[in-house]
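J.: File name final_24.txt; file contents compact mmCIF, C-alpha atoms; full text below.
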# COMPACT_ATOMS: atom_id res chain seq x y z
CA MET H 131 100.02 -107.31 -11.62
CA ALA H 132 101.35 -103.87 -10.64
CA ASN H 133 104.61 -105.59 -9.75
CA PHE H 134 104.84 -107.11 -13.24
CA ILE H 135 104.21 -103.76 -14.94
CA VAL H 136 106.95 -102.11 -12.85
CA TRP H 137 109.45 -104.77 -13.95
CA VAL H 138 108.45 -104.42 -17.61
CA VAL H 139 108.83 -100.63 -17.47
CA TRP H 140 112.17 -100.99 -15.65
CA PHE H 141 113.63 -103.35 -18.23
CA GLY H 142 112.37 -101.23 -21.12
CA ALA H 143 113.86 -98.05 -19.70
CA ALA H 144 117.13 -99.76 -18.72
CA PHE H 145 117.56 -101.26 -22.19
CA ALA H 146 116.85 -97.90 -23.85
CA CYS H 147 119.29 -96.26 -21.46
CA ILE H 148 122.21 -98.61 -22.18
CA ALA H 149 121.52 -98.78 -25.92
CA SER H 150 121.40 -95.01 -26.33
CA ALA H 151 124.53 -94.55 -24.20
CA LEU H 152 126.40 -96.99 -26.47
CA ALA H 153 125.01 -95.11 -29.47
CA VAL H 154 126.31 -91.78 -28.10
CA VAL H 155 129.80 -93.24 -27.72
CA SER H 156 129.93 -95.07 -31.05
CA PHE H 157 128.15 -92.80 -33.58
CA ARG H 158 130.43 -91.16 -36.12
CA ASN H 159 128.46 -87.93 -36.44
CA PRO H 160 128.19 -85.82 -33.24
CA PHE H 161 124.72 -84.65 -34.31
CA PHE H 162 123.32 -88.18 -34.03
CA SER H 163 125.24 -88.68 -30.78
CA ALA H 164 123.46 -85.66 -29.30
CA LEU H 165 120.09 -87.00 -30.47
CA ALA H 166 120.89 -90.38 -28.86
CA LEU H 167 121.79 -88.58 -25.62
CA ILE H 168 118.30 -87.03 -25.58
CA GLY H 169 116.88 -90.57 -25.66
CA ASN H 170 119.23 -91.58 -22.85
CA LEU H 171 118.10 -88.65 -20.68
CA SER H 172 114.42 -89.38 -21.32
CA SER H 173 114.72 -93.05 -20.37
CA LEU H 174 116.59 -92.02 -17.20
CA ALA H 175 113.65 -89.74 -16.36
CA VAL H 176 111.39 -92.82 -16.51
CA LEU H 177 113.69 -94.57 -14.01
CA TYR H 178 113.59 -91.50 -11.74
CA LEU H 179 109.80 -91.66 -11.80
CA LEU H 180 109.94 -95.33 -10.75
CA LEU H 181 112.14 -94.25 -7.81
CA GLY H 182 109.64 -91.61 -6.71
CA GLY H 183 111.63 -88.60 -7.91
CA GLU H 184 108.90 -86.67 -9.70
CA PHE H 185 110.56 -83.26 -9.48
CA VAL H 186 113.97 -84.59 -10.55
CA ALA H 187 112.40 -86.39 -13.52
CA ALA H 188 110.65 -83.20 -14.65
CA GLY H 189 113.85 -81.21 -14.21
CA GLN H 190 115.78 -83.86 -16.13
CA VAL H 191 113.47 -83.56 -19.15
CA LEU H 192 113.19 -79.77 -19.03
CA VAL H 193 116.76 -78.74 -18.16
CA TYR H 194 118.80 -81.60 -19.66
CA GLY H 195 116.67 -82.87 -22.52
CA GLY H 196 115.49 -79.37 -23.35
CA ALA H 197 117.90 -76.55 -22.62
CA VAL H 198 121.31 -78.26 -22.47
CA MET H 199 120.73 -80.44 -25.51
CA VAL H 200 119.43 -77.52 -27.58
CA MET H 201 122.67 -75.71 -26.75
CA PHE H 202 124.64 -78.79 -27.85
CA LEU H 203 122.72 -79.04 -31.12
CA PHE H 204 123.25 -75.33 -31.84
CA VAL H 205 127.01 -75.65 -31.39
CA ILE H 206 127.17 -78.85 -33.48
CA ALA H 207 125.20 -77.16 -36.27
CA TYR H 208 127.45 -74.09 -36.00
CA LEU H 209 130.61 -76.18 -36.31
CA GLY H 210 129.22 -78.11 -39.29
CA ASP H 211 131.07 -81.21 -40.46
CA ARG H 212 134.46 -80.19 -39.12
CA THR H 213 134.33 -82.74 -36.32
CA LEU H 214 133.97 -85.86 -38.44
CA GLU H 215 136.29 -88.62 -37.35
CA ALA H 216 136.58 -92.35 -37.62
CA PRO H 217 134.25 -94.00 -35.08
CA TRP H 218 136.92 -95.64 -32.97
CA ALA H 219 139.91 -93.50 -33.91
CA GLY H 220 141.60 -93.57 -30.55
CA GLY H 221 145.26 -93.25 -31.41
CA PRO H 222 147.44 -96.20 -30.45
CA SER H 223 145.67 -99.46 -29.77
CA TRP H 224 147.26 -100.05 -26.36
CA GLN H 225 145.33 -97.00 -25.18
CA ALA H 226 142.03 -98.56 -26.26
CA VAL H 227 142.95 -101.89 -24.68
CA GLY H 228 143.83 -100.20 -21.39
CA THR H 229 140.58 -98.25 -21.52
CA VAL H 230 138.47 -101.35 -21.98
CA LEU H 231 140.38 -103.12 -19.18
CA ALA H 232 139.89 -100.19 -16.80
CA ALA H 233 136.19 -99.90 -17.62
CA GLY H 234 135.69 -103.65 -17.22
CA SER H 235 137.45 -103.68 -13.86
CA ILE H 236 135.28 -100.82 -12.56
CA LEU H 237 132.18 -102.75 -13.62
CA ALA H 238 133.44 -106.02 -12.12
CA GLU H 239 134.27 -104.24 -8.86
CA VAL H 240 130.76 -102.82 -8.54
CA ILE H 241 129.09 -106.14 -9.34
CA VAL H 242 131.30 -108.10 -6.90
CA ALA H 243 130.67 -105.52 -4.17
CA LEU H 244 126.93 -105.80 -4.77
CA ALA H 245 127.07 -109.59 -4.72
CA LEU H 246 128.97 -109.58 -1.41
CA THR H 247 126.42 -107.38 0.36
CA SER H 248 123.94 -109.85 1.74
CA GLY H 249 121.08 -107.50 2.53
CA GLY H 250 120.18 -103.94 3.34
CA LEU H 251 119.55 -102.93 -0.25
CA HIS H 252 115.78 -103.27 -0.17
CA HIS H 253 113.64 -100.20 -0.50
CA GLU H 254 111.89 -98.67 2.43
CA PRO H 255 108.51 -100.42 2.28
CA THR H 256 106.49 -97.23 2.62
CA ILE H 257 107.31 -93.68 1.69
CA PRO H 258 105.13 -90.63 2.27
CA ARG H 259 102.95 -89.51 -0.62
CA SER H 260 104.88 -86.24 -0.84
CA PHE H 261 108.20 -88.05 -1.45
CA GLY H 262 110.09 -86.25 -4.21
CA SER H 263 107.44 -83.58 -4.72
CA PRO H 264 108.51 -80.00 -5.57
CA ALA H 265 107.29 -78.83 -2.16
CA SER H 266 109.43 -81.21 -0.12
CA ILE H 267 112.49 -80.74 -2.36
CA GLY H 268 112.12 -76.97 -2.11
CA ARG H 269 111.77 -77.15 1.67
CA LEU H 270 114.99 -79.19 1.90
CA PHE H 271 116.79 -76.71 -0.37
CA LEU H 272 115.76 -73.73 1.76
CA THR H 273 116.39 -75.33 5.16
CA ASP H 274 118.95 -78.17 5.35
CA HIS H 275 120.84 -77.43 2.14
CA LEU H 276 120.69 -73.63 1.97
CA ILE H 277 124.46 -73.22 1.54
CA ALA H 278 124.55 -75.72 -1.34
CA PHE H 279 121.67 -73.85 -2.96
CA GLU H 280 123.44 -70.48 -2.74
CA VAL H 281 126.80 -71.89 -3.88
CA THR H 282 125.09 -73.50 -6.89
CA SER H 283 123.61 -70.14 -7.88
CA ILE H 284 127.05 -68.51 -7.68
CA VAL H 285 128.57 -71.32 -9.79
CA LEU H 286 125.87 -70.81 -12.43
CA LEU H 287 126.55 -67.06 -12.48
CA ILE H 288 130.30 -67.60 -12.87
CA ALA H 289 129.69 -70.12 -15.68
CA ALA H 290 127.47 -67.60 -17.50
CA VAL H 291 130.15 -64.89 -17.17
CA GLY H 292 132.78 -67.40 -18.33
CA GLY H 293 130.73 -68.29 -21.41
CA VAL H 294 130.41 -64.61 -22.35
CA VAL H 295 134.13 -63.99 -21.79
CA LEU H 296 135.12 -67.02 -23.87
CA GLY H 297 132.80 -65.90 -26.68
CA SER H 298 134.09 -62.33 -26.77
CA HIS H 299 137.70 -63.50 -26.52
CA ALA H 300 137.16 -65.75 -29.52
CA ARG H 301 135.77 -62.76 -31.46
CA THR H 302 138.89 -60.65 -30.83
CA LEU H 303 141.06 -63.60 -31.86
CA GLU H 304 139.12 -63.85 -35.11
CA ASP H 305 139.61 -60.11 -35.77
CA ASP H 306 143.33 -60.49 -35.12
CA ALA H 307 143.49 -63.33 -37.62
CA ARG H 308 141.69 -61.24 -40.22
CA SER H 309 143.75 -58.05 -39.89
CA MET B 160 104.86 -102.22 -4.80
CA HIS B 161 107.88 -104.53 -5.08
CA GLY B 162 109.80 -103.28 -8.08
CA PRO B 163 113.52 -103.79 -8.62
CA ASP B 164 115.55 -102.87 -5.54
CA VAL B 165 118.63 -100.65 -5.28
CA ARG B 166 120.94 -103.43 -6.52
CA TRP B 167 119.45 -103.33 -10.02
CA TYR B 168 119.69 -99.56 -10.24
CA LEU B 169 123.31 -99.61 -9.06
CA VAL B 170 124.32 -102.12 -11.75
CA LEU B 171 122.62 -99.94 -14.36
CA ALA B 172 124.36 -96.83 -12.97
CA ALA B 173 127.73 -98.62 -13.13
CA LEU B 174 127.08 -99.64 -16.74
CA LEU B 175 126.23 -96.05 -17.67
CA PHE B 176 129.32 -94.70 -15.89
CA VAL B 177 131.57 -97.23 -17.63
CA THR B 178 130.07 -96.45 -21.03
CA GLY B 179 130.68 -92.74 -20.48
CA ALA B 180 134.24 -93.39 -19.32
CA LEU B 181 134.88 -95.44 -22.46
CA GLY B 182 133.66 -92.54 -24.57
CA VAL B 183 135.86 -90.02 -22.74
CA LEU B 184 138.98 -92.18 -23.08
CA ILE B 185 138.54 -93.55 -26.61
CA ARG B 186 136.93 -90.79 -28.68
CA ARG B 187 138.92 -87.78 -29.87
CA SER B 188 136.25 -85.22 -30.78
CA PRO B 189 135.78 -82.82 -27.82
CA LEU B 190 132.03 -82.67 -28.52
CA ILE B 191 131.67 -86.44 -28.07
CA ILE B 192 133.83 -86.25 -24.94
CA LEU B 193 131.46 -83.65 -23.45
CA LEU B 194 128.46 -85.85 -24.29
CA SER B 195 130.18 -88.84 -22.65
CA VAL B 196 130.85 -86.79 -19.50
CA GLU B 197 127.12 -86.11 -19.39
CA ILE B 198 126.50 -89.89 -19.46
CA MET B 199 128.91 -90.36 -16.54
CA LEU B 200 127.18 -87.63 -14.52
CA ASN B 201 123.81 -89.20 -15.21
CA GLY B 202 125.06 -92.58 -14.03
CA SER B 203 126.06 -91.06 -10.70
CA ASN B 204 122.72 -89.23 -10.52
CA LEU B 205 120.87 -92.52 -10.94
CA ALA B 206 122.81 -94.03 -8.01
CA LEU B 207 122.07 -90.96 -5.85
CA ILE B 208 118.34 -91.12 -6.55
CA ALA B 209 118.24 -94.90 -5.99
CA PHE B 210 119.81 -94.44 -2.55
CA ALA B 211 117.41 -91.58 -1.80
CA ARG B 212 114.54 -94.03 -2.42
CA ARG B 213 116.23 -96.75 -0.37
CA PHE B 214 116.66 -94.58 2.72
CA GLY B 215 113.30 -92.88 2.29
CA HIS B 216 114.79 -89.38 2.43
CA GLU B 217 115.09 -86.80 -0.34
CA ASP B 218 118.66 -85.65 0.38
CA GLY B 219 119.94 -87.70 -2.55
CA GLN B 220 117.49 -86.02 -4.90
CA VAL B 221 118.65 -82.58 -3.73
CA PHE B 222 122.22 -83.70 -4.44
CA ALA B 223 121.16 -84.90 -7.92
CA ILE B 224 119.62 -81.50 -8.71
CA ALA B 225 122.85 -79.78 -7.64
CA VAL B 226 124.77 -82.15 -9.95
CA MET B 227 122.44 -81.19 -12.80
CA ALA B 228 123.17 -77.48 -12.23
CA ILE B 229 126.93 -78.12 -12.18
CA ALA B 230 126.59 -80.19 -15.38
CA ALA B 231 124.79 -77.29 -17.07
CA SER B 232 127.56 -74.84 -16.17
CA GLU B 233 130.20 -77.38 -17.29
CA VAL B 234 128.47 -77.61 -20.67
CA VAL B 235 128.45 -73.81 -21.01
CA VAL B 236 132.19 -73.53 -20.38
CA GLY B 237 133.06 -76.61 -22.46
CA LEU B 238 131.03 -75.49 -25.47
CA GLY B 239 132.52 -71.99 -25.15
CA LEU B 240 136.00 -73.52 -25.31
CA ILE B 241 135.07 -75.65 -28.33
CA VAL B 242 133.65 -72.62 -30.18
CA ALA B 243 136.81 -70.63 -29.34
CA MET B 244 138.94 -73.49 -30.68
CA ALA B 245 136.89 -73.62 -33.88
CA ARG B 246 137.23 -69.87 -34.38
CA LYS B 247 141.00 -70.08 -33.99
CA ARG B 248 140.91 -72.70 -36.80
CA LEU B 249 142.33 -75.35 -34.50
CA ASP B 250 141.68 -79.01 -35.22
CA LEU B 251 138.86 -80.33 -33.06
CA ASP B 252 140.94 -83.28 -31.91
CA VAL B 253 142.04 -83.58 -28.30
CA ASP B 254 145.13 -85.62 -29.23
CA LYS B 255 146.48 -82.71 -31.27
CA LEU B 256 145.91 -80.15 -28.49
CA SER B 257 149.03 -81.15 -26.62
CA SER B 258 150.68 -77.75 -26.17
CA LEU B 259 149.52 -74.59 -24.45
CA ARG B 260 149.44 -71.27 -26.34
CA GLY B 261 149.30 -73.30 -29.53
Mind turning this structure into structure tokens?
T.:
Amino acid sequence: MANFIVWVVWFGAAFACIASALAVVSFRNPFFSALALIGNLSSLAVLYLLLGGEFVAAGQVLVYGGAVMVMFLFVIAYLGDRTLEAPWAGGPSWQAVGTVLAAGSILAEVIVALALTSGGLHHEPTIPRSFGSPASIGRLFLTDHLIAFEVTSIVLLIAAVGGVVLGSHARTLEDDARS
Amino acid sequence: MHGPDVRWYLVLAALLFVTGALGVLIRRSPLIILLSVEIMLNGSNLALIAFARRFGHEDGQVFAIAVMAIAASEVVVGLGLIVAMARKRLDLDVDKLSSLRG
């Protein structure tokens, strides 16, 4: 019975995931695309929970679905309707055809590679209860992956400084245009 | 608990990545392109976390959290560029941004 419920939840989340991703790509208005991406991120968090990644799922909802998407929605509201475009306005059609061919070949490659692997893709039968908990993730960050942790903090700092510089540069440009 | 194994998650991750790649290559609005890049990053995150579960070790989850931090900083810089473009009264269309110092 538990097995059946896991499959039902998996298919529900996977369907929501694919449908909202297609909606993000195909919606005409970027505001609705951003709202669809919030649905995509939430259904991915459900899949992370099925894989035992409790901390990553919480971070996904808080950081991605919360902070990053609020920033997106602010910028889209600030820009207004200037970004309206035709839904599939992609320039020449050979470009779109090549894109679809490339995407299809990536997908076919992955599926063929998965079909050729005979085994070895089953889950570990048992995992410790603390798998994916904040404590074990934090211990890994501060022991095995300390350098990655520090480098990530520096990258975030540089991105914050870059955002401020870009914003102030845009303000001087606007003053130049006015004077 | 015998749920879907890594194979299923990998096919889903590939579908997400391909959808995001389609968005990046076909759409012209830089906002939609940034959103599609987020979909691609999330597809790779799903594969990382599926392999973390398969090998019973959390290294993949740590990698996924690092990817989330990089994605956040990418969004900051990308949105800053888009706002700067809008303030310079440039068209928000990546096909028309073909020259530097335009």
J.: List as an mmCIF file with C-alpha atoms, in the coordinates of the input the protein and nucleic acid residues near Glu184 of chain H, meaning an atom at most 9 Å away when only C-alpha atoms are counted, but skip any in the same chain fewer than 3 places from it.
T.:
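So the final result, stored in selection.cif, reads:
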data_model
loop_
_atom_site.group_PDB
_atom_site.id
_atom_site.type_symbol
_atom_site.label_atom_id
_atom_site.label_comp_id
_atom_site.auth_asym_id
_atom_site.auth_seq_id
_atom_site.Cartn_x
_atom_site.Cartn_y
_atom_site.Cartn_z
ATOM 1 C CA ALA H 175 113.650 -89.740 -16.360
ATOM 2 C CA TYR H 178 113.590 -91.500 -11.740
ATOM 3 C CA LEU H 179 109.800 -91.660 -11.800
ATOM 4 C CA LEU H 180 109.940 -95.330 -10.750
ATOM 5 C CA LEU H 181 112.140 -94.250 -7.810
ATOM 6 C CA ALA H 187 112.400 -86.390 -13.520
ATOM 7 C CA ALA H 188 110.650 -83.200 -14.650
ATOM 8 C CA GLY H 189 113.850 -81.210 -14.210
ATOM 9 C CA PHE H 261 108.200 -88.050 -1.450
ATOM 10 C CA GLY H 262 110.090 -86.250 -4.210
ATOM 11 C CA SER H 263 107.440 -83.580 -4.720
ATOM 12 C CA PRO H 264 108.510 -80.000 -5.570
#
J.: Go through H:Arg259, H:Ala149, H:Asn133, H:Ala232 and flag the residue nearest chain B, using all atoms listed in the file for the distances.
T.: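 Selected residue with least distance to chain B: H:Asn133.
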J.: Could you list, as a list of chain:residue names, every residue within 9 Å of Val196 of chain B, counting only C-alpha atoms and ignoring same-chain residues fewer than 2 positions away?
T.: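 Once the nearby chain positions are removed, what remains is B:Phe176, B:Gly179, B:Ala180, B:Gly182, B:Val183, B:Ile191, B:Ile192, B:Leu193, B:Leu194, B:Ile198, B:Met199, B:Leu200, B:Asn201, B:Ala230.
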J.: Using all atoms listed in the file, determine which residues lie at most 10 Å from Gly219 of chain B, disregarding the query and same-chain residues fewer than 6 positions distant; provide the list as a PyMOL selection string.
T.: (chain H and resi 183) or (chain B and resi 204-212+225)
J.: Provide the atom CA of Tyr208 of chain H to atom CA of Ala164 of chain H distance in Å, to one decimal place.
T.: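 Atom CA of Tyr208 of chain H sits 14.0 Å away from atom CA of Ala164 of chain H.
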J.: Quick one, how far is atom CA of Ala172 of chain B from atom CA of Gly202 of chain B?
T.: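 Taking atom CA of Ala172 of chain B as the start and atom CA of Gly202 of chain B as the end point, the length is 4.4 Å.
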J.: Need the shell around segment 251-253 of chain B: protein/DNA/RNA residues with any atom at most 7 Å away, counting all atoms listed in the file. Skip same-chain ones fewer than 3 positions apart. Format as a PyMOL selection string?
T.: (chain H and resi 213) or (chain B and resi 187-189+256)
J.: Could you write those residues out with C-alpha atoms, as a compact mmCIF listing (two decimals), in the frame of the given file?
T.:
# COMPACT_ATOMS: atom_id res chain seq x y z
CA THR H 213 134.33 -82.74 -36.32
CA ARG B 187 138.92 -87.78 -29.87
CA SER B 188 136.25 -85.22 -30.78
CA PRO B 189 135.78 -82.82 -27.82
CA LEU B 256 145.91 -80.15 -28.49
J.: Expressed in Å to a single decimal, how great is the separation between atom CA of Gly169 of chain H and atom CA of Glu197 of chain B?
T.: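 If I compute the distance from atom CA of Gly169 of chain H to atom CA of Glu197 of chain B, I get 12.8 Å.
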J.: Counting only C-alpha atoms, figure out which residue out of B:Ala243, B:Val165, B:Leu238, B:Leu249 gets nearest to Gly297 of chain H.
T.: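 Going through B:Ala243, B:Val165, B:Leu238, B:Leu249 one by one, the smallest distance to Gly297 of chain H is for B:Ala243.
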J.: Is there a way to complete segment 188-220 of chain B with N, CA and C atoms and then write that out as a PDB file, in the coordinates of the input?
T.:
ATOM      1  N   SER B 188     136.961 -86.479 -30.557  1.00  0.00           N
ATOM      2  CA  SER B 188     136.250 -85.220 -30.780  1.00  0.00           C
ATOM      3  C   SER B 188     135.826 -84.636 -29.427  1.00  0.00           C
ATOM      4  N   PRO B 189     136.159 -83.379 -29.123  1.00  0.00           N
ATOM      5  CA  PRO B 189     135.780 -82.820 -27.820  1.00  0.00           C
ATOM      6  C   PRO B 189     134.269 -82.762 -27.614  1.00  0.00           C
ATOM      7  N   LEU B 190     133.492 -82.668 -28.694  1.00  0.00           N
ATOM      8  CA  LEU B 190     132.030 -82.670 -28.520  1.00  0.00           C
ATOM      9  C   LEU B 190     131.555 -84.014 -27.973  1.00  0.00           C
ATOM     10  N   ILE B 191     132.078 -85.118 -28.544  1.00  0.00           N
ATOM     11  CA  ILE B 191     131.670 -86.440 -28.070  1.00  0.00           C
ATOM     12  C   ILE B 191     132.151 -86.645 -26.639  1.00  0.00           C
ATOM     13  N   ILE B 192     133.324 -86.090 -26.307  1.00  0.00           N
ATOM     14  CA  ILE B 192     133.830 -86.250 -24.940  1.00  0.00           C
ATOM     15  C   ILE B 192     132.896 -85.549 -23.957  1.00  0.00           C
ATOM     16  N   LEU B 193     132.409 -84.340 -24.331  1.00  0.00           N
ATOM     17  CA  LEU B 193     131.460 -83.650 -23.450  1.00  0.00           C
ATOM     18  C   LEU B 193     130.175 -84.470 -23.283  1.00  0.00           C
ATOM     19  N   LEU B 194     129.678 -85.038 -24.385  1.00  0.00           N
ATOM     20  CA  LEU B 194     128.460 -85.850 -24.290  1.00  0.00           C
ATOM     21  C   LEU B 194     128.696 -87.070 -23.397  1.00  0.00           C
ATOM     22  N   SER B 195     129.902 -87.671 -23.480  1.00  0.00           N
ATOM     23  CA  SER B 195     130.180 -88.840 -22.650  1.00  0.00           C
ATOM     24  C   SER B 195     130.287 -88.465 -21.175  1.00  0.00           C
ATOM     25  N   VAL B 196     130.816 -87.251 -20.890  1.00  0.00           N
ATOM     26  CA  VAL B 196     130.850 -86.790 -19.500  1.00  0.00           C
ATOM     27  C   VAL B 196     129.437 -86.645 -18.963  1.00  0.00           C
ATOM     28  N   GLU B 197     128.511 -86.197 -19.836  1.00  0.00           N
ATOM     29  CA  GLU B 197     127.120 -86.110 -19.390  1.00  0.00           C
ATOM     30  C   GLU B 197     126.589 -87.500 -19.016  1.00  0.00           C
ATOM     31  N   ILE B 198     126.961 -88.526 -19.793  1.00  0.00           N
ATOM     32  CA  ILE B 198     126.500 -89.890 -19.460  1.00  0.00           C
ATOM     33  C   ILE B 198     127.053 -90.309 -18.105  1.00  0.00           C
ATOM     34  N   MET B 199     128.330 -89.994 -17.838  1.00  0.00           N
ATOM     35  CA  MET B 199     128.910 -90.360 -16.540  1.00  0.00           C
ATOM     36  C   MET B 199     128.168 -89.667 -15.397  1.00  0.00           C
ATOM     37  N   LEU B 200     127.887 -88.360 -15.578  1.00  0.00           N
ATOM     38  CA  LEU B 200     127.180 -87.630 -14.520  1.00  0.00           C
ATOM     39  C   LEU B 200     125.793 -88.216 -14.290  1.00  0.00           C
ATOM     40  N   ASN B 201     125.145 -88.646 -15.369  1.00  0.00           N
ATOM     41  CA  ASN B 201     123.810 -89.200 -15.210  1.00  0.00           C
ATOM     42  C   ASN B 201     123.847 -90.556 -14.527  1.00  0.00           C
ATOM     43  N   GLY B 202     124.913 -91.329 -14.758  1.00  0.00           N
ATOM     44  CA  GLY B 202     125.060 -92.580 -14.030  1.00  0.00           C
ATOM     45  C   GLY B 202     125.151 -92.343 -12.533  1.00  0.00           C
ATOM     46  N   SER B 203     125.945 -91.347 -12.129  1.00  0.00           N
ATOM     47  CA  SER B 203     126.060 -91.060 -10.700  1.00  0.00           C
ATOM     48  C   SER B 203     124.746 -90.517 -10.155  1.00  0.00           C
ATOM     49  N   ASN B 204     124.022 -89.732 -10.964  1.00  0.00           N
ATOM     50  CA  ASN B 204     122.720 -89.230 -10.520  1.00  0.00           C
ATOM     51  C   ASN B 204     121.748 -90.370 -10.256  1.00  0.00           C
ATOM     52  N   LEU B 205     121.787 -91.392 -11.123  1.00  0.00           N
ATOM     53  CA  LEU B 205     120.870 -92.520 -10.940  1.00  0.00           C
ATOM     54  C   LEU B 205     121.167 -93.235  -9.621  1.00  0.00           C
ATOM     55  N   ALA B 206     122.468 -93.395  -9.290  1.00  0.00           N
ATOM     56  CA  ALA B 206     122.810 -94.030  -8.010  1.00  0.00           C
ATOM     57  C   ALA B 206     122.333 -93.175  -6.844  1.00  0.00           C
ATOM     58  N   LEU B 207     122.503 -91.846  -6.943  1.00  0.00           N
ATOM     59  CA  LEU B 207     122.070 -90.960  -5.850  1.00  0.00           C
ATOM     60  C   LEU B 207     120.566 -91.084  -5.620  1.00  0.00           C
ATOM     61  N   ILE B 208     119.792 -91.098  -6.711  1.00  0.00           N
ATOM     62  CA  ILE B 208     118.340 -91.120  -6.550  1.00  0.00           C
ATOM     63  C   ILE B 208     117.880 -92.497  -6.065  1.00  0.00           C
ATOM     64  N   ALA B 209     118.589 -93.565  -6.498  1.00  0.00           N
ATOM     65  CA  ALA B 209     118.240 -94.900  -5.990  1.00  0.00           C
ATOM     66  C   ALA B 209     118.476 -94.972  -4.485  1.00  0.00           C
ATOM     67  N   PHE B 210     119.577 -94.398  -3.999  1.00  0.00           N
ATOM     68  CA  PHE B 210     119.810 -94.440  -2.550  1.00  0.00           C
ATOM     69  C   PHE B 210     118.847 -93.532  -1.802  1.00  0.00           C
ATOM     70  N   ALA B 211     118.419 -92.427  -2.443  1.00  0.00           N
ATOM     71  CA  ALA B 211     117.410 -91.580  -1.800  1.00  0.00           C
ATOM     72  C   ALA B 211     116.128 -92.382  -1.573  1.00  0.00           C
ATOM     73  N   ARG B 212     115.742 -93.209  -2.567  1.00  0.00           N
ATOM     74  CA  ARG B 212     114.540 -94.030  -2.420  1.00  0.00           C
ATOM     75  C   ARG B 212     114.759 -95.115  -1.363  1.00  0.00           C
ATOM     76  N   ARG B 213     115.980 -95.665  -1.305  1.00  0.00           N
ATOM     77  CA  ARG B 213     116.230 -96.750  -0.370  1.00  0.00           C
ATOM     78  C   ARG B 213     116.152 -96.263   1.075  1.00  0.00           C
ATOM     79  N   PHE B 214     116.678 -95.061   1.344  1.00  0.00           N
ATOM     80  CA  PHE B 214     116.660 -94.580   2.720  1.00  0.00           C
ATOM     81  C   PHE B 214     115.428 -93.760   3.028  1.00  0.00           C
ATOM     82  N   GLY B 215     114.547 -93.579   2.024  1.00  0.00           N
ATOM     83  CA  GLY B 215     113.300 -92.880   2.290  1.00  0.00           C
ATOM     84  C   GLY B 215     113.477 -91.423   2.646  1.00  0.00           C
ATOM     85  N   HIS B 216     114.544 -90.798   2.139  1.00  0.00           N
ATOM     86  CA  HIS B 216     114.790 -89.380   2.430  1.00  0.00           C
ATOM     87  C   HIS B 216     115.254 -88.708   1.154  1.00  0.00           C
ATOM     88  N   GLU B 217     114.869 -87.428   0.966  1.00  0.00           N
ATOM     89  CA  GLU B 217     115.090 -86.800  -0.340  1.00  0.00           C
ATOM     90  C   GLU B 217     116.457 -86.141  -0.487  1.00  0.00           C
ATOM     91  N   ASP B 218     117.357 -86.315   0.484  1.00  0.00           N
ATOM     92  CA  ASP B 218     118.660 -85.650   0.380  1.00  0.00           C
ATOM     93  C   ASP B 218     119.387 -86.010  -0.921  1.00  0.00           C
ATOM     94  N   GLY B 219     119.278 -87.278  -1.325  1.00  0.00           N
ATOM     95  CA  GLY B 219     119.940 -87.700  -2.550  1.00  0.00           C
ATOM     96  C   GLY B 219     119.387 -86.987  -3.771  1.00  0.00           C
ATOM     97  N   GLN B 220     118.072 -86.729  -3.759  1.00  0.00           N
ATOM     98  CA  GLN B 220     117.490 -86.020  -4.900  1.00  0.00           C
ATOM     99  C   GLN B 220     117.964 -84.583  -4.949  1.00  0.00           C
TER     100      GLN B 220
END
